[in-house]
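Please read the structure below before turning to the comments.
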Amino acid sequence: MTAPNTVKVATAQYPLDPVASLQEWRDKVASWVAEGAETGAKILMFPEYASLEQAMALGREVAEDLSATLKSVAELAGERVAFHTDLAREHDVHILVGSGPVLRNDGRYCNAAQLVAPNGRVGEQTKVIMTPFEHDWGLKGDRRGQLKVFDTELGRIGIAICYDSEFPLQVRSLAAAGIEVLLVPSCTELVSGYHRVRTGARARALENQIACMTSPTIGNATWSPAVDHNVGAAGVFVPPEHGVSDDGVLVEGQLNQPGWVFARIDFAALRALRSGGEMRNFLDWDLQCGADQLNAEAAVEIIDMKG
């Protein structure tokens with residue numbers, strides 16, 4: 001099956017609510033997925049640390065304790081991914097599950113996001129570079145060489161969780177392996193943090209001549225010591241090129257307003273840029289000063305998610 005030339009996508013400006021139970025959380029997520037899918041969107045994207053909402057569903061004694069939050073939400077990872085997989089199958093969409101803690105064999109937690117396909121296949125990308133506050137939590141970053149490219153019926157998809165999007169070499173490795181869209185789920189507590197992620201996503205779109213989607217958590221969740229304040233807006237960015245987008249912004253939501261933000265990505269037009277656009281950023285990467293060092297690319301694993 002050939003990947004489509006255009007794909008409608010939806011990216012969430014997702015509020016972290018004080019859900020009273022896991023069933024209330026499931027109902028909320030199912031409602032969001034149904035709303036996004038009914039518009040014809042084929043990729044639905046939830047933000048970084050959206051899964052921590054589940055801690056509140058387990059009670060304030062869990063939600064207000066960071067260690068208990070990490071442990072409890074990590075224990076729910078399998079069930080959470082299976083639930084999203086069922087929704088993906090029901091609505092015939094690909095879903096980026098809101099990221100959350102996953103327990104590794106060494107006893108430390110990492111931050112992982114799962115991409116689920118309507119055929120039931122699941123791929124996972126962990127965050128590589130931890131922020132200062134994640135270091136304080138004791139989270140572990142995955143080392144270079146653990147980047148994934150997800151080969152789907154919609155084309156090749158990459159994921160750079162929040163801070164990872166601010167580092168060009170990682171995303172270059174994904175682009176060299178053929179991704180055409182980069183998913184950037186984020187969780188930032190200040191407007192400055194939102195703009196760092198937004199700037200990173202726009203730069204990666206320009207450098208690699210791909211589409212980049214951002215999805216933030218929004219609103220106050222004062223019941224959580226981890227994600228108590230959340231600021232952001234979702235967006236879909238491409239290279240600024242005549243005939244594609246003059247400013248590189250396909251769509252952008254209003255800051256801190258809950259809901260989906262939709263766009264249609266023209267992958268055929270993006271592919272054409274690499275050989276026939278105004279500029280040749282992707283092809284001219286090797287012409288940079290120090291290109292030998294810049295080409296020391298990380299190993300990328302291709303994950304087959306086709307039916």
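Letters A, B, ... mark the chains of the structure tokens in the order given; residue numbers begin at 1 per chain; ligand numbers begin at 1, in order shown.
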
>> Can you tell me which residues surround range 118-123 of chain A at a distance of at most 6 Å, considering only C-alpha atoms, apart from same-chain residues fewer than 4 positions away, and format the answer as a PyMOL selection string?
In response: chain A and resi 85+88-89+92-93+114+305+307

>> When you look at range 257-261 of chain A with a cut-off of 8 Å (counting only C-alpha atoms), what residues show up, excluding the ones that are within fewer than 3 positions of it in the same chain? I need them as number ranges by chain.
In response: A: 10-15, 36, 218, 233-235, 251-254

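Neighbouring residues of Leu22 in chain A at 10 Å or closer, counting only C-alpha atoms and skipping chain neighbours under 3 positions away, are A:Val19, A:Trp25, A:Arg26, A:Asp27, A:Lys28, A:Glu53, A:Gln54, A:Ala55, A:Met56, A:Ala57, A:Leu58.
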
>> Quick one: residues within 6 Å of Leu96 in chain A, only C-alpha atoms, excluding same-chain residues fewer than 4 positions away - as a ChimeraX atom specification?
In response: /A:45-46,114-115

>> Quick one: residues within 9 Å of Asp164 in chain A, only C-alpha atoms, excluding same-chain residues fewer than 4 positions away - as a list in words?
In response: Lys127, Val128, Ile129, Met130, Ile159, Ala160, Pro168, Gln170, Val171, Val184, Val197 and Gly200 of chain A

> Excluding same-chain residues fewer than 4 positions from range 264-278 of chain A, what lies within 6 Å of it counting only C-alpha atoms, as a PyMOL selection string?
Replying inline: chain A and resi 5-8

N, CA and C atoms of the current selection, written as a PDB file, in the first residue's frame:
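The new file part.pdb reads:
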ATOM      1  N   ASN A   5      -0.633  10.989  -0.348  1.00  0.00           N
ATOM      2  CA  ASN A   5       0.092  12.232  -0.580  1.00  0.00           C
ATOM      3  C   ASN A   5      -0.293  13.325   0.406  1.00  0.00           C
ATOM      4  N   THR A   6      -1.519  13.284   0.898  1.00  0.00           N
ATOM      5  CA  THR A   6      -1.955  14.251   1.907  1.00  0.00           C
ATOM      6  C   THR A   6      -2.619  13.513   3.060  1.00  0.00           C
ATOM      7  N   VAL A   7      -2.442  14.037   4.254  1.00  0.00           N
ATOM      8  CA  VAL A   7      -3.024  13.426   5.448  1.00  0.00           C
ATOM      9  C   VAL A   7      -3.544  14.534   6.359  1.00  0.00           C
ATOM     10  N   LYS A   8      -4.780  14.388   6.819  1.00  0.00           N
ATOM     11  CA  LYS A   8      -5.301  15.306   7.827  1.00  0.00           C
ATOM     12  C   LYS A   8      -4.844  14.835   9.202  1.00  0.00           C
TER      13      LYS A   8
END

Report the residues of range 30-140 of chain A whose backbone DSSP state falls under alpha helix (DSSP H), written as a PDB file with N, CA and C atoms, in the first residue's frame.
ATOM      1  N   ALA A  30     -11.633   8.724  25.392  1.00  0.00           N
ATOM      2  CA  ALA A  30     -12.452   8.182  24.306  1.00  0.00           C
ATOM      3  C   ALA A  30     -13.231   9.293  23.610  1.00  0.00           C
ATOM      4  N   SER A  31     -13.726  10.259  24.379  1.00  0.00           N
ATOM      5  CA  SER A  31     -14.453  11.380  23.801  1.00  0.00           C
ATOM      6  C   SER A  31     -13.541  12.236  22.940  1.00  0.00           C
ATOM      7  N   TRP A  32     -12.331  12.478  23.411  1.00  0.00           N
ATOM      8  CA  TRP A  32     -11.367  13.257  22.628  1.00  0.00           C
ATOM      9  C   TRP A  32     -11.033  12.542  21.318  1.00  0.00           C
ATOM     10  N   VAL A  33     -10.779  11.253  21.392  1.00  0.00           N
ATOM     11  CA  VAL A  33     -10.426  10.509  20.182  1.00  0.00           C
ATOM     12  C   VAL A  33     -11.581  10.513  19.186  1.00  0.00           C
ATOM     13  N   ALA A  34     -12.788  10.296  19.678  1.00  0.00           N
ATOM     14  CA  ALA A  34     -13.955  10.300  18.788  1.00  0.00           C
ATOM     15  C   ALA A  34     -14.120  11.654  18.110  1.00  0.00           C
ATOM     16  N   GLU A  35     -13.921  12.727  18.868  1.00  0.00           N
ATOM     17  CA  GLU A  35     -14.058  14.082  18.310  1.00  0.00           C
ATOM     18  C   GLU A  35     -13.006  14.341  17.245  1.00  0.00           C
ATOM     19  N   GLY A  36     -11.772  13.916  17.510  1.00  0.00           N
ATOM     20  CA  GLY A  36     -10.711  14.130  16.529  1.00  0.00           C
ATOM     21  C   GLY A  36     -10.905  13.293  15.282  1.00  0.00           C
ATOM     22  N   ALA A  37     -11.325  12.056  15.461  1.00  0.00           N
ATOM     23  CA  ALA A  37     -11.452  11.141  14.329  1.00  0.00           C
ATOM     24  C   ALA A  37     -12.627  11.483  13.429  1.00  0.00           C
ATOM     25  N   GLU A  53      -2.277  12.386  34.380  1.00  0.00           N
ATOM     26  CA  GLU A  53      -3.658  12.621  34.787  1.00  0.00           C
ATOM     27  C   GLU A  53      -4.225  11.404  35.509  1.00  0.00           C
ATOM     28  N   GLN A  54      -3.731  10.229  35.160  1.00  0.00           N
ATOM     29  CA  GLN A  54      -4.219   9.001  35.786  1.00  0.00           C
ATOM     30  C   GLN A  54      -3.904   8.953  37.280  1.00  0.00           C
ATOM     31  N   ALA A  55      -2.855   9.661  37.699  1.00  0.00           N
ATOM     32  CA  ALA A  55      -2.516   9.645  39.123  1.00  0.00           C
ATOM     33  C   ALA A  55      -3.655  10.193  39.965  1.00  0.00           C
ATOM     34  N   MET A  56      -4.301  11.255  39.479  1.00  0.00           N
ATOM     35  CA  MET A  56      -5.415  11.837  40.219  1.00  0.00           C
ATOM     36  C   MET A  56      -6.584  10.865  40.289  1.00  0.00           C
ATOM     37  N   ALA A  57      -6.743  10.057  39.247  1.00  0.00           N
ATOM     38  CA  ALA A  57      -7.823   9.068  39.251  1.00  0.00           C
ATOM     39  C   ALA A  57      -7.634   8.023  40.351  1.00  0.00           C
ATOM     40  N   ARG A  60      -5.862  11.498  45.725  1.00  0.00           N
ATOM     41  CA  ARG A  60      -4.914  12.578  46.004  1.00  0.00           C
ATOM     42  C   ARG A  60      -3.637  12.074  46.676  1.00  0.00           C
ATOM     43  N   GLU A  61      -3.724  11.019  47.461  1.00  0.00           N
ATOM     44  CA  GLU A  61      -2.529  10.518  48.131  1.00  0.00           C
ATOM     45  C   GLU A  61      -1.502  10.017  47.105  1.00  0.00           C
ATOM     46  N   VAL A  62      -1.966   9.567  45.957  1.00  0.00           N
ATOM     47  CA  VAL A  62      -1.071   9.176  44.866  1.00  0.00           C
ATOM     48  C   VAL A  62      -0.653  10.403  44.063  1.00  0.00           C
ATOM     49  N   ALA A  63      -1.626  11.222  43.674  1.00  0.00           N
ATOM     50  CA  ALA A  63      -1.353  12.367  42.804  1.00  0.00           C
ATOM     51  C   ALA A  63      -0.411  13.379  43.445  1.00  0.00           C
ATOM     52  N   LEU A  66       5.118  12.429  44.355  1.00  0.00           N
ATOM     53  CA  LEU A  66       5.792  12.203  43.085  1.00  0.00           C
ATOM     54  C   LEU A  66       6.195  10.743  42.905  1.00  0.00           C
ATOM     55  N   SER A  67       6.768  10.141  43.923  1.00  0.00           N
ATOM     56  CA  SER A  67       7.193   8.746  43.810  1.00  0.00           C
ATOM     57  C   SER A  67       6.005   7.829  43.549  1.00  0.00           C
ATOM     58  N   ALA A  68       4.915   8.077  44.267  1.00  0.00           N
ATOM     59  CA  ALA A  68       3.716   7.262  44.070  1.00  0.00           C
ATOM     60  C   ALA A  68       3.131   7.480  42.680  1.00  0.00           C
ATOM     61  N   THR A  69       3.199   8.717  42.196  1.00  0.00           N
ATOM     62  CA  THR A  69       2.705   9.016  40.847  1.00  0.00           C
ATOM     63  C   THR A  69       3.482   8.235  39.801  1.00  0.00           C
ATOM     64  N   LEU A  70       4.809   8.305  39.858  1.00  0.00           N
ATOM     65  CA  LEU A  70       5.627   7.607  38.870  1.00  0.00           C
ATOM     66  C   LEU A  70       5.374   6.109  38.912  1.00  0.00           C
ATOM     67  N   LYS A  71       5.345   5.547  40.104  1.00  0.00           N
ATOM     68  CA  LYS A  71       5.149   4.102  40.248  1.00  0.00           C
ATOM     69  C   LYS A  71       3.782   3.681  39.730  1.00  0.00           C
ATOM     70  N   SER A  72       2.747   4.381  40.139  1.00  0.00           N
ATOM     71  CA  SER A  72       1.383   3.974  39.792  1.00  0.00           C
ATOM     72  C   SER A  72       1.097   4.157  38.310  1.00  0.00           C
ATOM     73  N   VAL A  73       1.525   5.274  37.745  1.00  0.00           N
ATOM     74  CA  VAL A  73       1.261   5.519  36.326  1.00  0.00           C
ATOM     75  C   VAL A  73       2.073   4.560  35.461  1.00  0.00           C
ATOM     76  N   ALA A  74       3.302   4.242  35.883  1.00  0.00           N
ATOM     77  CA  ALA A  74       4.096   3.259  35.146  1.00  0.00           C
ATOM     78  C   ALA A  74       3.415   1.891  35.159  1.00  0.00           C
ATOM     79  N   GLU A  75       2.826   1.527  36.268  1.00  0.00           N
ATOM     80  CA  GLU A  75       2.144   0.230  36.362  1.00  0.00           C
ATOM     81  C   GLU A  75       0.922   0.152  35.454  1.00  0.00           C
ATOM     82  N   ALA A  77       0.855   1.449  32.427  1.00  0.00           N
ATOM     83  CA  ALA A  77       1.279   1.687  31.046  1.00  0.00           C
ATOM     84  C   ALA A  77       0.697   0.670  30.074  1.00  0.00           C
ATOM     85  N   GLY A  78       0.760  -0.600  30.410  1.00  0.00           N
ATOM     86  CA  GLY A  78       0.254  -1.628  29.507  1.00  0.00           C
ATOM     87  C   GLY A  78      -1.224  -1.476  29.230  1.00  0.00           C
ATOM     88  N   GLU A  79      -1.986  -1.257  30.281  1.00  0.00           N
ATOM     89  CA  GLU A  79      -3.433  -1.076  30.135  1.00  0.00           C
ATOM     90  C   GLU A  79      -3.748   0.199  29.350  1.00  0.00           C
ATOM     91  N   ARG A  80      -2.981   1.271  29.615  1.00  0.00           N
ATOM     92  CA  ARG A  80      -3.211   2.547  28.938  1.00  0.00           C
ATOM     93  C   ARG A  80      -2.973   2.416  27.424  1.00  0.00           C
ATOM     94  N   VAL A  81      -1.895   1.744  27.060  1.00  0.00           N
ATOM     95  CA  VAL A  81      -1.584   1.571  25.645  1.00  0.00           C
ATOM     96  C   VAL A  81      -2.621   0.673  24.975  1.00  0.00           C
ATOM     97  N   ALA A  82      -3.041  -0.388  25.653  1.00  0.00           N
ATOM     98  CA  ALA A  82      -4.063  -1.284  25.093  1.00  0.00           C
ATOM     99  C   ALA A  82      -5.371  -0.535  24.862  1.00  0.00           C
ATOM    100  N   PHE A  83      -5.721   0.358  25.773  1.00  0.00           N
ATOM    101  CA  PHE A  83      -6.949   1.143  25.631  1.00  0.00           C
ATOM    102  C   PHE A  83      -6.865   2.037  24.395  1.00  0.00           C
ATOM    103  N   HIS A  84      -5.744   2.707  24.211  1.00  0.00           N
ATOM    104  CA  HIS A  84      -5.573   3.554  23.030  1.00  0.00           C
ATOM    105  C   HIS A  84      -5.537   2.723  21.743  1.00  0.00           C
ATOM    106  N   THR A  85      -4.971   1.525  21.823  1.00  0.00           N
ATOM    107  CA  THR A  85      -4.942   0.654  20.654  1.00  0.00           C
ATOM    108  C   THR A  85      -6.351   0.269  20.229  1.00  0.00           C
ATOM    109  N   ASP A  86      -7.204  -0.016  21.193  1.00  0.00           N
ATOM    110  CA  ASP A  86      -8.605  -0.313  20.880  1.00  0.00           C
ATOM    111  C   ASP A  86      -9.289   0.884  20.225  1.00  0.00           C
ATOM    112  N   LEU A  87      -8.998   2.087  20.727  1.00  0.00           N
ATOM    113  CA  LEU A  87      -9.587   3.290  20.138  1.00  0.00           C
ATOM    114  C   LEU A  87      -9.066   3.521  18.726  1.00  0.00           C
ATOM    115  N   ALA A  88      -7.780   3.254  18.507  1.00  0.00           N
ATOM    116  CA  ALA A  88      -7.204   3.422  17.173  1.00  0.00           C
ATOM    117  C   ALA A  88      -7.869   2.479  16.181  1.00  0.00           C
ATOM    118  N   ARG A  89      -8.111   1.254  16.603  1.00  0.00           N
ATOM    119  CA  ARG A  89      -8.770   0.277  15.737  1.00  0.00           C
ATOM    120  C   ARG A  89     -10.223   0.685  15.472  1.00  0.00           C
ATOM    121  N   GLU A  90     -10.908   1.125  16.514  1.00  0.00           N
ATOM    122  CA  GLU A  90     -12.317   1.507  16.377  1.00  0.00           C
ATOM    123  C   GLU A  90     -12.494   2.677  15.414  1.00  0.00           C
ATOM    124  N   HIS A  91     -11.596   3.643  15.468  1.00  0.00           N
ATOM    125  CA  HIS A  91     -11.767   4.870  14.686  1.00  0.00           C
ATOM    126  C   HIS A  91     -10.856   4.927  13.453  1.00  0.00           C
ATOM    127  N   PRO A 132      16.301  19.562  33.405  1.00  0.00           N
ATOM    128  CA  PRO A 132      16.725  19.632  34.811  1.00  0.00           C
ATOM    129  C   PRO A 132      15.682  19.098  35.788  1.00  0.00           C
ATOM    130  N   PHE A 133      14.382  19.406  35.538  1.00  0.00           N
ATOM    131  CA  PHE A 133      13.386  18.938  36.508  1.00  0.00           C
ATOM    132  C   PHE A 133      13.213  17.425  36.418  1.00  0.00           C
ATOM    133  N   GLU A 134      13.413  16.840  35.233  1.00  0.00           N
ATOM    134  CA  GLU A 134      13.325  15.378  35.136  1.00  0.00           C
ATOM    135  C   GLU A 134      14.511  14.712  35.820  1.00  0.00           C
ATOM    136  N   HIS A 135      15.681  15.341  35.752  1.00  0.00           N
ATOM    137  CA  HIS A 135      16.823  14.835  36.526  1.00  0.00           C
ATOM    138  C   HIS A 135      16.479  14.839  38.008  1.00  0.00           C
ATOM    139  N   ASP A 136      15.817  15.900  38.469  1.00  0.00           N
ATOM    140  CA  ASP A 136      15.432  15.980  39.866  1.00  0.00           C
ATOM    141  C   ASP A 136      14.450  14.862  40.242  1.00  0.00           C
ATOM    142  N   TRP A 137      13.618  14.456  39.298  1.00  0.00           N
ATOM    143  CA  TRP A 137      12.682  13.361  39.545  1.00  0.00           C
ATOM    144  C   TRP A 137      13.382  12.002  39.598  1.00  0.00           C
TER     145      TRP A 137
END

> Which neighbours of Lys306 in chain A fall inside 7 Å, counting only C-alpha atoms, when residues of the same chain fewer than 5 positions from it are skipped, and could you give them as a PyMOL selection string?
Replying inline: chain A and resi 151-153

> Mind checking DSSP for range 159-242 of chain A and telling me the strand (DSSP E or B) residues as a PyMOL selection string?
Replying inline: chain A and resi 159+181-186+211-220+229-230+235-237+241
